[in-house]
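Chemist: Before I ask anything, here is the structure I am working with.
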Amino acid sequence: MLLPALVCAQSAVETQLLEIREQSRYAPDQALARLLKLQGEAPNETAATRAELLSQLSIARMRLGQNEAAMPLADEVIAFGRQQRNDAILAKGLLSKAYVLFAMNDVKAARLLAFESDRLAQAGDDVPLRVLTRLAAGQAFAEQGNFPAALAKMQKAVDLARPLDDLVPLAAALNALARLYNQMKEYDKGFAVLDELVVVAAKLQSPSRLATAKSTEYGLAIDSHQTKRALRALQDGLALERKLGAQRMIAVTLVNLSDNYLKERDYPRALQFANESLQVSRQSKDSATEATALINIGQSHLGMGRVADGKRSFEAGLAFYERANNQPELQMVLIEYGMALENVGDLRGAVEAYHRERGISNQLFERERQQAVLELQEKYETEKKQRQIELLSRENQVKGAELDNRRLQQRVWWLLAVVFALAAVIVGLLYRKVRNANAQLEVKNLELKAQSALDPLTSLYNRRHFQDFMRSQHLPAAHQPELRNAHGDDIVGALFLLDVDHFKHVNDTYGHAAGDAVLKMIAEHLRIALRETDMIVRWGGEEFLAFLPAIPRHGIDEVARRILSNISAQAIVYQERAISVNVSIGFAPFPLVPGADGAPLSWERAVNLVDMALYLAKAHGRNRAYGVRGFHNFEKTSMEAVEQDLESAWRAGYVDMNVVLGAAPDSAPADKPAPDEAAAPTAALHTATV
């Protein structure tokens with residue numbers, strides 16, 4: 001990122017800071033060494049120069065991954081700015097701290113500091129600093145998905161930078177604007193801005209700026225499916241970076257080359273560049289790029305059939321994201337891991353990866369839900385306090401009126417009756433208002449209770465409501481006779497757990513707004529496919545759960561088939577593009593009783609069993625439903641063994657399962673996996689024709 005230079009006459013220290021500012025971008029270790037030498041000369045410099053030196057020290061350490069050392073330096077700039085009562089220095093310190101917080105994955109706090117830094121800087125006359133804070137605020141808006149606000153900030157930064165004699169702020173602004181257009185998928189505008197950036201970088205005679213431009217060109221080209229141009233940009237950028245000796249930039253470019261060849265399924269070349277990136281990133285102590293290189297090495301090994309080597313490299317890369325507690329990135333890598341293992345036939349490993357990803361997804365979903373509830377409670381408390389203030393104000397008015405009435409009573413006896421009547425009217429009105437306020441408070445309480453039970457996106461019940469509902473139910477004992485309808489069919493409950501197939505592809509291709517639209521469509525058609533008496537729950541992320549309290553036992557499979565066909569038959573139109581999805585389902589009657597005399601499973605264990613059936617549906621092709629019908633020969637096994645490996649228990653004949661295929665033109669009936677003839681000759685798989 002750009003750091004502003006002073007526009008006044010420059011001292012020797014200021015001149016060196018200008019040089020070090022650029023060097024820090026591609027060789028932060030060398031820049032840090034030079035900055036440390038300059039510290040001895042800083043006390044004799046101006047306040048602005050001292051602040052600049054501290055800011056560059058903080059950013060250099062941040063770029064080297066030394067965040068714990070970078071944070072106190074940024075705080076020192078902030079304290080110095082407040083001591084000097086200098087908003088420009090304070091804005092610079094806040095921005096430096098925002099960079100460090102972003103590197104530490106505290107994105108929310110970083111955005112707030114970026115916005116505050118921009119507010120302070122725009123009131124001053126330090127134009128390079130104003131350009132920098134505009135860019136940081138624009139990037140913060142872009143990370144929130146607020147592209148119109150981000151675009152306004154970026155374009156204003158470019159306009160501010162154009163009149164400056166120093167072209168460095170303009171180069172930084174053009175690069176950020178080109179990357180924003182790439183995020184907005186407006187590739188033609190992005191390439192137009194890139195052309196101007198290349199011209200400016202050439203005027204600067206800055207190989208590092210040209211290398212940065214090549215990195216931006218790669219992003220635009222790869223996202224606009226210009227694979228040859230993307231490869232050329234990487235190769236040209238690598239040549240520039242090698243001349244500079246910019247180890248960290250080299251490591252990133254090498255890992256991007258590895259990504260490029262992974263997309264082309266050229267696994268040997270992808271492995272070659274990933275190994276090179278790993279060596280360089282370790283030498284430069286760039287842990288994030290090292291983790292990405294390990295992931296690419298793992299994908300390359302898996303692509304070449306080296307499953308053990310691939311899993312070992314993948315796990316090493318995952319360990320970095322776990323140590324950094326970067327859950328969103330860890331979730332994405334686990335999805336890639338599961339898909340890679342699924343492609344090489346390691347279904348058990350794929351299911352384990354999906355389970356780990358689902359756990360993170362549930363944690364993130366629960367965290368977002370809790371945040372929404374906290375914000376709603378905070379809003380409610382604010383409104384409540386405001387009502388209390390208004391009520392106290394009115395009470396004070398009443399007391400004032402009563403004092404006035406007493407004075408009037410002493411002076412004007414003949415108006416006594418009128419005064420009392422007037423006071424009664426006022427009290428009556430206030431009483432009515434208090435009653436109305438209490439009634440509104442009760443309504444707000446009911447609204448809060450209802451909102452805490454519903455998912456805000458789909459208006460379905462949420463997981464918490466379902467858990468409370470199930471805890472309040474009393475399951476029948478195993479020996480009690482089952483209910484039957486007029487035709488003599490058993491009446492049972494049923495649990496269905498659904499997961500949207502390839503939902504990440506929808507989000508990556510069309511955006512999260514399209515993903516939300518798909519989830520709402522699924523919720524709507526689940527209401528159509530099921531009855532009003534059935535409970536439909538958004539279980540988390542792209543998972544839905546349905547609880548049917550009473551249904552004929554023989555009709556459970558038909559419900560699964562109806563859900564599969566109803567959802568796969570729908571399509572939503574989003575930005576003039578039709579989107580359709582399939583789902584995978586796990587289901588079972590409820591309550592489930594293992595063995596002839598066993599106790600019914602708790603609802604938690606039943607849901608866990610249905611979840612395992614869902615993952616079998618995922619692992620065996622998706623767009624299908626796997627249902628647990630019951631248990632056989634249970635005296636030879638245990639519930640713990642079944643829960644440990646449902647598929648093995650099914651193959652061994654201890655679990656009776658049914659498969660319902662989704663409606664697709666090219667689908668074929670699923671073949672029954674061969675059971676162990678010695679262990680379980682009675683295992684059976686009932687397939688449904690579509």
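Chains: A, B, ... in order of the structure tokens. Residues: from 1 per chain. Ligands: from 1, in order shown.
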Please, which residues of stretch 551-600 of chain A, numbered as in this document, come out alpha helix (DSSP H) from DSSP, as number ranges by chain?
Modeler: A: 556-568
Chemist: How would the residues just picked look written out with C-alpha atoms as a PDB file, in the first residue's frame?
Modeler:
ATOM      1  CA  ILE A 556     -42.105 -41.901   3.832  1.00  0.00           C
ATOM      2  CA  ASP A 557     -40.242 -42.798   0.618  1.00  0.00           C
ATOM      3  CA  GLU A 558     -42.871 -40.983  -1.443  1.00  0.00           C
ATOM      4  CA  VAL A 559     -42.314 -37.800   0.574  1.00  0.00           C
ATOM      5  CA  ALA A 560     -38.568 -37.997  -0.147  1.00  0.00           C
ATOM      6  CA  ARG A 561     -39.284 -38.553  -3.854  1.00  0.00           C
ATOM      7  CA  ARG A 562     -41.714 -35.617  -3.897  1.00  0.00           C
ATOM      8  CA  ILE A 563     -39.163 -33.280  -2.290  1.00  0.00           C
ATOM      9  CA  LEU A 564     -36.417 -34.322  -4.752  1.00  0.00           C
ATOM     10  CA  SER A 565     -38.612 -33.862  -7.822  1.00  0.00           C
ATOM     11  CA  ASN A 566     -40.279 -30.630  -6.657  1.00  0.00           C
ATOM     12  CA  ILE A 567     -36.989 -28.858  -6.005  1.00  0.00           C
ATOM     13  CA  SER A 568     -35.118 -30.150  -9.068  1.00  0.00           C
TER      14      SER A 568
END
Chemist: Go through A:Lys263, A:Arg306, A:Lys189, A:Arg282 one by one, measure the shortest atom-to-atom distance of each to A:Ile250 using only C-alpha atoms, and give the residue with the smallest value.
Modeler: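 Distance minimum relative to A:Ile250 lands on A:Arg282.
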Chemist: Give me the residues within 12 Å of A:Phe102 as a list in words, counting only C-alpha atoms and dropping any in the same chain fewer than 3 places off.
Modeler: Ile59, Met62, Arg63, Gly65, Asn67, Met71, Leu95, Ser96, Lys97, Ala98, Tyr99, Asn105, Asp106, Val107, Lys108, Ala109, Ala110, Arg111, Leu112, Leu113, Ala114, Ala136, Gln139, Ala140, Glu143 and Asn326 of chain A
Chemist: Mind checking which residues fall within 12 Å of A:Ile572, counting only C-alpha atoms, ignoring those fewer than 3 positions away in the same chain, and posting them as a PyMOL selection string?
Modeler: chain A and resi 506+514-522+524-525+567-569+575-581
Chemist: Filtering to N, CA and C atoms, could you give me those residues as a JSON list (two decimals), in the first residue's frame?
Modeler:
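This went into selection_28.json:
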[["chain", "number", "residue", "atom", "x", "y", "z"],
["A", 506, "VAL", "N", -22.93, -22.21, -6.89],
["A", 506, "VAL", "CA", -23.92, -21.15, -7.14],
["A", 506, "VAL", "C", -23.38, -19.82, -6.61],
["A", 514, "ALA", "N", -27.59, -14.45, -5.20],
["A", 514, "ALA", "CA", -28.24, -15.55, -5.92],
["A", 514, "ALA", "C", -28.40, -16.77, -5.01],
["A", 515, "GLY", "N", -27.35, -17.05, -4.20],
["A", 515, "GLY", "CA", -27.46, -18.16, -3.24],
["A", 515, "GLY", "C", -28.61, -17.96, -2.28],
["A", 516, "ASP", "N", -28.80, -16.72, -1.78],
["A", 516, "ASP", "CA", -29.92, -16.45, -0.88],
["A", 516, "ASP", "C", -31.25, -16.68, -1.59],
["A", 517, "ALA", "N", -31.33, -16.27, -2.88],
["A", 517, "ALA", "CA", -32.56, -16.47, -3.63],
["A", 517, "ALA", "C", -32.87, -17.96, -3.79],
["A", 518, "VAL", "N", -31.83, -18.77, -4.01],
["A", 518, "VAL", "CA", -32.01, -20.22, -4.13],
["A", 518, "VAL", "C", -32.55, -20.80, -2.81],
["A", 519, "LEU", "N", -31.98, -20.36, -1.67],
["A", 519, "LEU", "CA", -32.43, -20.85, -0.37],
["A", 519, "LEU", "C", -33.89, -20.49, -0.13],
["A", 520, "LYS", "N", -34.30, -19.26, -0.53],
["A", 520, "LYS", "CA", -35.69, -18.85, -0.35],
["A", 520, "LYS", "C", -36.61, -19.68, -1.25],
["A", 521, "MET", "N", -36.16, -19.98, -2.46],
["A", 521, "MET", "CA", -36.96, -20.81, -3.36],
["A", 521, "MET", "C", -37.17, -22.19, -2.78],
["A", 522, "ILE", "N", -36.11, -22.78, -2.22],
["A", 522, "ILE", "CA", -36.22, -24.11, -1.63],
["A", 522, "ILE", "C", -37.19, -24.09, -0.45],
["A", 524, "GLU", "N", -39.71, -22.09, 0.00],
["A", 524, "GLU", "CA", -41.07, -21.93, -0.51],
["A", 524, "GLU", "C", -41.62, -23.26, -1.01],
["A", 525, "HIS", "N", -40.79, -24.02, -1.74],
["A", 525, "HIS", "CA", -41.30, -25.26, -2.32],
["A", 525, "HIS", "C", -41.33, -26.40, -1.30],
["A", 567, "ILE", "N", -38.07, -29.85, -6.02],
["A", 567, "ILE", "CA", -36.99, -28.86, -6.01],
["A", 567, "ILE", "C", -36.20, -28.89, -7.31],
["A", 568, "SER", "N", -35.90, -30.08, -7.83],
["A", 568, "SER", "CA", -35.12, -30.15, -9.07],
["A", 568, "SER", "C", -35.91, -29.62, -10.26],
["A", 569, "ALA", "N", -37.25, -29.58, -10.16],
["A", 569, "ALA", "CA", -38.09, -29.09, -11.26],
["A", 569, "ALA", "C", -38.18, -27.58, -11.29],
["A", 575, "GLN", "N", -30.77, -12.19, -12.59],
["A", 575, "GLN", "CA", -29.99, -11.39, -13.54],
["A", 575, "GLN", "C", -30.02, -12.02, -14.94],
["A", 576, "GLU", "N", -31.26, -12.36, -15.37],
["A", 576, "GLU", "CA", -31.52, -12.93, -16.70],
["A", 576, "GLU", "C", -30.85, -14.28, -16.92],
["A", 577, "ARG", "N", -30.52, -15.00, -15.83],
["A", 577, "ARG", "CA", -29.93, -16.34, -15.94],
["A", 577, "ARG", "C", -30.73, -17.28, -15.08],
["A", 578, "ALA", "N", -31.11, -18.40, -15.65],
["A", 578, "ALA", "CA", -31.91, -19.40, -14.92],
["A", 578, "ALA", "C", -30.98, -20.26, -14.07],
["A", 579, "ILE", "N", -31.36, -20.42, -12.81],
["A", 579, "ILE", "CA", -30.57, -21.23, -11.88],
["A", 579, "ILE", "C", -31.48, -22.33, -11.34],
["A", 580, "SER", "N", -31.02, -23.56, -11.43],
["A", 580, "SER", "CA", -31.74, -24.69, -10.83],
["A", 580, "SER", "C", -30.76, -25.51, -10.02],
["A", 581, "VAL", "N", -31.26, -26.15, -8.99],
["A", 581, "VAL", "CA", -30.41, -26.93, -8.10],
["A", 581, "VAL", "C", -31.09, -28.25, -7.76]]
Chemist: For A:Tyr267, list every protein, DNA or RNA residue within 8 Å, evaluated using only C-alpha atoms, and leave out those in the same chain fewer than 6 positions away; present the list as a PyMOL selection string.
Modeler: chain A and resi 261+300-301+303-304
Chemist: Between atom CA of A:Arg624 and atom CA of A:Val659, what is the spacing in Å?
Modeler: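 Interatomic distance here is 7.2 Å.
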Chemist: Have a look at A:Leu244, A:Ala60, A:Leu180, A:Ala652 and name the one nearest to A:Phe147; count only C-alpha atoms.
Modeler: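 Going through A:Leu244, A:Ala60, A:Leu180, A:Ala652 one by one, the smallest distance to A:Phe147 is for A:Leu180.
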Chemist: With only C-alpha atoms as the counted atoms, please give the residues lying no more than 9 Å from A:Ala172, apart from itself and same-chain residues fewer than 4 positions off, as JSON, numbers by chain.
Modeler: {"A": [1, 2, 131, 132, 135, 158, 167, 168, 176, 177, 197, 209]}
Chemist: Write the selection just made, keeping all heavy atoms, as an mmCIF file, in the first residue's frame?
Modeler:
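That gives us part.cif:
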data_model
loop_
_atom_site.group_PDB
_atom_site.id
_atom_site.type_symbol
_atom_site.label_atom_id
_atom_site.label_comp_id
_atom_site.auth_asym_id
_atom_site.auth_seq_id
_atom_site.Cartn_x
_atom_site.Cartn_y
_atom_site.Cartn_z
ATOM 1 N N MET A 1 0.842 -1.199 0.000
ATOM 2 C CA MET A 1 0.000 0.000 0.000
ATOM 3 C C MET A 1 0.875 1.246 0.000
ATOM 4 O O MET A 1 1.999 1.264 0.489
ATOM 5 C CB MET A 1 -0.914 -0.002 1.225
ATOM 6 C CG MET A 1 -1.951 -1.130 1.198
ATOM 7 S SD MET A 1 -3.088 -0.949 -0.163
ATOM 8 C CE MET A 1 -3.824 0.605 0.236
ATOM 9 N N LEU A 2 0.303 2.310 -0.562
ATOM 10 C CA LEU A 2 1.008 3.588 -0.621
ATOM 11 C C LEU A 2 1.058 4.239 0.743
ATOM 12 O O LEU A 2 0.099 4.208 1.485
ATOM 13 C CB LEU A 2 0.248 4.488 -1.602
ATOM 14 C CG LEU A 2 0.608 5.978 -1.607
ATOM 15 C CD1 LEU A 2 2.007 6.135 -2.169
ATOM 16 C CD2 LEU A 2 -0.393 6.734 -2.447
ATOM 17 N N VAL A 131 -5.731 10.345 -0.654
ATOM 18 C CA VAL A 131 -5.853 9.272 -1.656
ATOM 19 C C VAL A 131 -5.793 7.912 -0.973
ATOM 20 O O VAL A 131 -6.613 7.015 -1.229
ATOM 21 C CB VAL A 131 -4.737 9.393 -2.708
ATOM 22 C CG1 VAL A 131 -4.740 8.178 -3.642
ATOM 23 C CG2 VAL A 131 -4.909 10.673 -3.514
ATOM 24 N N LEU A 132 -4.827 7.759 -0.078
ATOM 25 C CA LEU A 132 -4.622 6.476 0.589
ATOM 26 C C LEU A 132 -5.822 6.069 1.434
ATOM 27 O O LEU A 132 -6.278 4.925 1.388
ATOM 28 C CB LEU A 132 -3.372 6.563 1.461
ATOM 29 C CG LEU A 132 -2.991 5.301 2.240
ATOM 30 C CD1 LEU A 132 -2.766 4.152 1.288
ATOM 31 C CD2 LEU A 132 -1.749 5.550 3.061
ATOM 32 N N LEU A 135 -8.766 4.991 -0.669
ATOM 33 C CA LEU A 135 -8.590 3.622 -1.169
ATOM 34 C C LEU A 135 -8.917 2.603 -0.091
ATOM 35 O O LEU A 135 -9.601 1.600 -0.344
ATOM 36 C CB LEU A 135 -7.153 3.418 -1.659
ATOM 37 C CG LEU A 135 -6.719 4.231 -2.885
ATOM 38 C CD1 LEU A 135 -5.271 3.939 -3.215
ATOM 39 C CD2 LEU A 135 -7.611 3.930 -4.067
ATOM 40 N N VAL A 158 -8.813 8.326 -7.477
ATOM 41 C CA VAL A 158 -8.133 8.541 -8.770
ATOM 42 C C VAL A 158 -8.164 10.021 -9.138
ATOM 43 O O VAL A 158 -7.159 10.601 -9.575
ATOM 44 C CB VAL A 158 -8.786 7.679 -9.864
ATOM 45 C CG1 VAL A 158 -8.223 8.041 -11.239
ATOM 46 C CG2 VAL A 158 -8.550 6.193 -9.590
ATOM 47 N N LEU A 167 3.611 10.452 -9.181
ATOM 48 C CA LEU A 167 2.692 9.509 -9.836
ATOM 49 C C LEU A 167 2.398 8.276 -8.991
ATOM 50 O O LEU A 167 1.540 7.468 -9.358
ATOM 51 C CB LEU A 167 3.275 9.074 -11.184
ATOM 52 C CG LEU A 167 3.381 10.162 -12.254
ATOM 53 C CD1 LEU A 167 4.047 9.603 -13.504
ATOM 54 C CD2 LEU A 167 2.008 10.720 -12.595
ATOM 55 N N VAL A 168 3.109 8.093 -7.857
ATOM 56 C CA VAL A 168 2.911 6.891 -7.044
ATOM 57 C C VAL A 168 1.474 6.785 -6.516
ATOM 58 O O VAL A 168 0.858 5.719 -6.590
ATOM 59 C CB VAL A 168 3.936 6.846 -5.890
ATOM 60 C CG1 VAL A 168 3.593 5.727 -4.914
ATOM 61 C CG2 VAL A 168 5.333 6.625 -6.452
ATOM 62 N N ALA A 176 -6.003 -0.255 -7.482
ATOM 63 C CA ALA A 176 -7.152 -0.615 -6.642
ATOM 64 C C ALA A 176 -8.450 -0.558 -7.432
ATOM 65 O O ALA A 176 -9.338 -1.414 -7.264
ATOM 66 C CB ALA A 176 -7.219 0.324 -5.438
ATOM 67 N N LEU A 177 -8.610 0.447 -8.318
ATOM 68 C CA LEU A 177 -9.830 0.568 -9.121
ATOM 69 C C LEU A 177 -9.964 -0.595 -10.097
ATOM 70 O O LEU A 177 -11.059 -1.146 -10.293
ATOM 71 C CB LEU A 177 -9.822 1.905 -9.867
ATOM 72 C CG LEU A 177 -11.057 2.213 -10.729
ATOM 73 C CD1 LEU A 177 -12.325 2.208 -9.886
ATOM 74 C CD2 LEU A 177 -10.903 3.557 -11.442
ATOM 75 N N LEU A 197 -2.783 2.167 -15.979
ATOM 76 C CA LEU A 197 -1.845 1.825 -14.914
ATOM 77 C C LEU A 197 -0.483 1.441 -15.480
ATOM 78 O O LEU A 197 0.567 1.838 -14.949
ATOM 79 C CB LEU A 197 -2.414 0.673 -14.074
ATOM 80 C CG LEU A 197 -1.478 0.039 -13.036
ATOM 81 C CD1 LEU A 197 -1.021 1.084 -12.019
ATOM 82 C CD2 LEU A 197 -2.164 -1.130 -12.341
ATOM 83 N N ARG A 209 6.020 -1.630 -9.530
ATOM 84 C CA ARG A 209 4.669 -1.240 -9.945
ATOM 85 C C ARG A 209 4.238 -2.015 -11.193
ATOM 86 O O ARG A 209 3.077 -2.394 -11.332
ATOM 87 C CB ARG A 209 4.625 0.264 -10.223
ATOM 88 C CG ARG A 209 4.786 1.121 -8.994
ATOM 89 C CD ARG A 209 3.586 1.056 -8.093
ATOM 90 N NE ARG A 209 3.821 1.729 -6.824
ATOM 91 C CZ ARG A 209 2.947 1.789 -5.837
ATOM 92 N NH1 ARG A 209 1.783 1.190 -5.955
ATOM 93 N NH2 ARG A 209 3.234 2.403 -4.713
#
Chemist: Could you name the residues that touch A:Asp195 at 12 Å or less, counting only C-alpha atoms, but leaving out those on the same chain fewer than 5 positions away, as a list in words?
Modeler: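 The neighbour list is Ala171, Leu174, Asn175, Ala178, Asp188, Lys189, Gly190, Val200, Ala201, Ala202, Leu210, Ala213, Lys214, Thr216 and Glu217 of chain A.
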Chemist: Could you dump the residues just selected with all heavy atoms as an mmCIF file, in the first residue's frame?
Modeler:
data_model
loop_
_atom_site.group_PDB
_atom_site.id
_atom_site.type_symbol
_atom_site.label_atom_id
_atom_site.label_comp_id
_atom_site.auth_asym_id
_atom_site.auth_seq_id
_atom_site.Cartn_x
_atom_site.Cartn_y
_atom_site.Cartn_z
ATOM 1 N N ALA A 171 -0.730 5.571 -9.336
ATOM 2 C CA ALA A 171 -0.532 4.148 -9.642
ATOM 3 C C ALA A 171 -1.276 3.273 -8.640
ATOM 4 O O ALA A 171 -1.931 2.295 -9.012
ATOM 5 C CB ALA A 171 0.962 3.824 -9.630
ATOM 6 N N LEU A 174 -5.135 3.590 -9.360
ATOM 7 C CA LEU A 174 -5.549 2.874 -10.569
ATOM 8 C C LEU A 174 -5.529 1.368 -10.342
ATOM 9 O O LEU A 174 -6.431 0.641 -10.810
ATOM 10 C CB LEU A 174 -4.626 3.244 -11.733
ATOM 11 C CG LEU A 174 -4.763 4.676 -12.276
ATOM 12 C CD1 LEU A 174 -3.646 4.973 -13.260
ATOM 13 C CD2 LEU A 174 -6.131 4.867 -12.938
ATOM 14 N N ASN A 175 -4.532 0.857 -9.638
ATOM 15 C CA ASN A 175 -4.459 -0.578 -9.365
ATOM 16 C C ASN A 175 -5.654 -1.032 -8.528
ATOM 17 O O ASN A 175 -6.282 -2.056 -8.810
ATOM 18 C CB ASN A 175 -3.156 -0.903 -8.642
ATOM 19 C CG ASN A 175 -2.954 -2.389 -8.454
ATOM 20 O OD1 ASN A 175 -2.772 -3.123 -9.418
ATOM 21 N ND2 ASN A 175 -3.004 -2.850 -7.225
ATOM 22 N N ALA A 178 -8.859 -1.009 -10.725
ATOM 23 C CA ALA A 178 -8.903 -2.148 -11.656
ATOM 24 C C ALA A 178 -9.322 -3.420 -10.924
ATOM 25 O O ALA A 178 -10.129 -4.217 -11.436
ATOM 26 C CB ALA A 178 -7.541 -2.334 -12.319
ATOM 27 N N ASP A 188 -14.229 -5.268 -18.958
ATOM 28 C CA ASP A 188 -13.787 -4.292 -19.961
ATOM 29 C C ASP A 188 -13.300 -3.014 -19.288
ATOM 30 O O ASP A 188 -12.256 -2.453 -19.662
ATOM 31 C CB ASP A 188 -14.934 -3.979 -20.925
ATOM 32 C CG ASP A 188 -15.277 -5.164 -21.815
ATOM 33 O OD1 ASP A 188 -14.425 -6.070 -21.936
ATOM 34 O OD2 ASP A 188 -16.382 -5.193 -22.374
ATOM 35 N N LYS A 189 -14.032 -2.534 -18.277
ATOM 36 C CA LYS A 189 -13.609 -1.330 -17.558
ATOM 37 C C LYS A 189 -12.313 -1.600 -16.790
ATOM 38 O O LYS A 189 -11.441 -0.732 -16.697
ATOM 39 C CB LYS A 189 -14.712 -0.868 -16.604
ATOM 40 C CG LYS A 189 -15.963 -0.367 -17.310
ATOM 41 C CD LYS A 189 -17.010 0.111 -16.296
ATOM 42 C CE LYS A 189 -18.252 0.627 -17.008
ATOM 43 N NZ LYS A 189 -19.295 1.076 -16.050
ATOM 44 N N GLY A 190 -12.203 -2.799 -16.246
ATOM 45 C CA GLY A 190 -10.989 -3.148 -15.519
ATOM 46 C C GLY A 190 -9.766 -3.132 -16.419
ATOM 47 O O GLY A 190 -8.705 -2.597 -16.037
ATOM 48 N N VAL A 200 1.386 4.581 -16.466
ATOM 49 C CA VAL A 200 1.884 5.304 -15.299
ATOM 50 C C VAL A 200 3.092 4.581 -14.698
ATOM 51 O O VAL A 200 4.093 5.209 -14.326
ATOM 52 C CB VAL A 200 0.765 5.464 -14.245
ATOM 53 C CG1 VAL A 200 1.319 6.026 -12.931
ATOM 54 C CG2 VAL A 200 -0.330 6.370 -14.785
ATOM 55 N N ALA A 201 3.031 3.244 -14.599
ATOM 56 C CA ALA A 201 4.147 2.479 -14.040
ATOM 57 C C ALA A 201 5.399 2.630 -14.898
ATOM 58 O O ALA A 201 6.527 2.695 -14.384
ATOM 59 C CB ALA A 201 3.758 1.012 -13.914
ATOM 60 N N ALA A 202 5.203 2.698 -16.232
ATOM 61 C CA ALA A 202 6.354 2.886 -17.131
ATOM 62 C C ALA A 202 6.982 4.270 -16.917
ATOM 63 O O ALA A 202 8.206 4.417 -16.923
ATOM 64 C CB ALA A 202 5.911 2.718 -18.578
ATOM 65 N N LEU A 210 5.179 -2.265 -12.113
ATOM 66 C CA LEU A 210 4.847 -3.082 -13.291
ATOM 67 C C LEU A 210 4.504 -4.507 -12.877
ATOM 68 O O LEU A 210 3.569 -5.117 -13.418
ATOM 69 C CB LEU A 210 6.020 -3.079 -14.271
ATOM 70 C CG LEU A 210 6.205 -1.802 -15.107
ATOM 71 C CD1 LEU A 210 7.515 -1.850 -15.876
ATOM 72 C CD2 LEU A 210 5.035 -1.641 -16.079
ATOM 73 N N ALA A 213 1.079 -4.484 -11.555
ATOM 74 C CA ALA A 213 0.127 -4.387 -12.666
ATOM 75 C C ALA A 213 -0.072 -5.750 -13.329
ATOM 76 O O ALA A 213 -1.197 -6.118 -13.712
ATOM 77 C CB ALA A 213 0.607 -3.362 -13.684
ATOM 78 N N LYS A 214 1.006 -6.527 -13.458
ATOM 79 C CA LYS A 214 0.891 -7.861 -14.050
ATOM 80 C C LYS A 214 0.049 -8.778 -13.160
ATOM 81 O O LYS A 214 -0.728 -9.599 -13.648
ATOM 82 C CB LYS A 214 2.282 -8.459 -14.267
ATOM 83 C CG LYS A 214 3.061 -7.808 -15.400
ATOM 84 C CD LYS A 214 2.350 -7.979 -16.737
ATOM 85 C CE LYS A 214 3.078 -7.276 -17.866
ATOM 86 N NZ LYS A 214 2.335 -7.412 -19.158
ATOM 87 N N THR A 216 -2.404 -7.769 -11.237
ATOM 88 C CA THR A 216 -3.792 -7.340 -11.453
ATOM 89 C C THR A 216 -4.304 -7.845 -12.800
ATOM 90 O O THR A 216 -5.461 -8.276 -12.921
ATOM 91 C CB THR A 216 -3.873 -5.807 -11.389
ATOM 92 O OG1 THR A 216 -3.388 -5.371 -10.121
ATOM 93 C CG2 THR A 216 -5.305 -5.330 -11.570
ATOM 94 N N GLU A 217 -3.448 -7.799 -13.830
ATOM 95 C CA GLU A 217 -3.840 -8.311 -15.146
ATOM 96 C C GLU A 217 -4.168 -9.798 -15.064
ATOM 97 O O GLU A 217 -5.137 -10.266 -15.681
ATOM 98 C CB GLU A 217 -2.716 -8.075 -16.156
ATOM 99 C CG GLU A 217 -3.055 -8.568 -17.564
ATOM 100 C CD GLU A 217 -1.918 -8.377 -18.549
ATOM 101 O OE1 GLU A 217 -0.849 -7.875 -18.145
ATOM 102 O OE2 GLU A 217 -2.094 -8.739 -19.733
#
Chemist: Here is a test: counting only C-alpha atoms, which residue of A:Arg527, A:Arg629, A:Lys399, A:Arg471 is nearest to A:Leu495?
Modeler: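 Closest residue, counting only C-alpha atoms: A:Arg629.
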Chemist: Can you work out which one of A:Gly310, A:Gly138, A:Gly245, A:Pro268 has the shortest atom-to-atom distance to A:Val280, counting only C-alpha atoms?
Modeler: A:Gly245
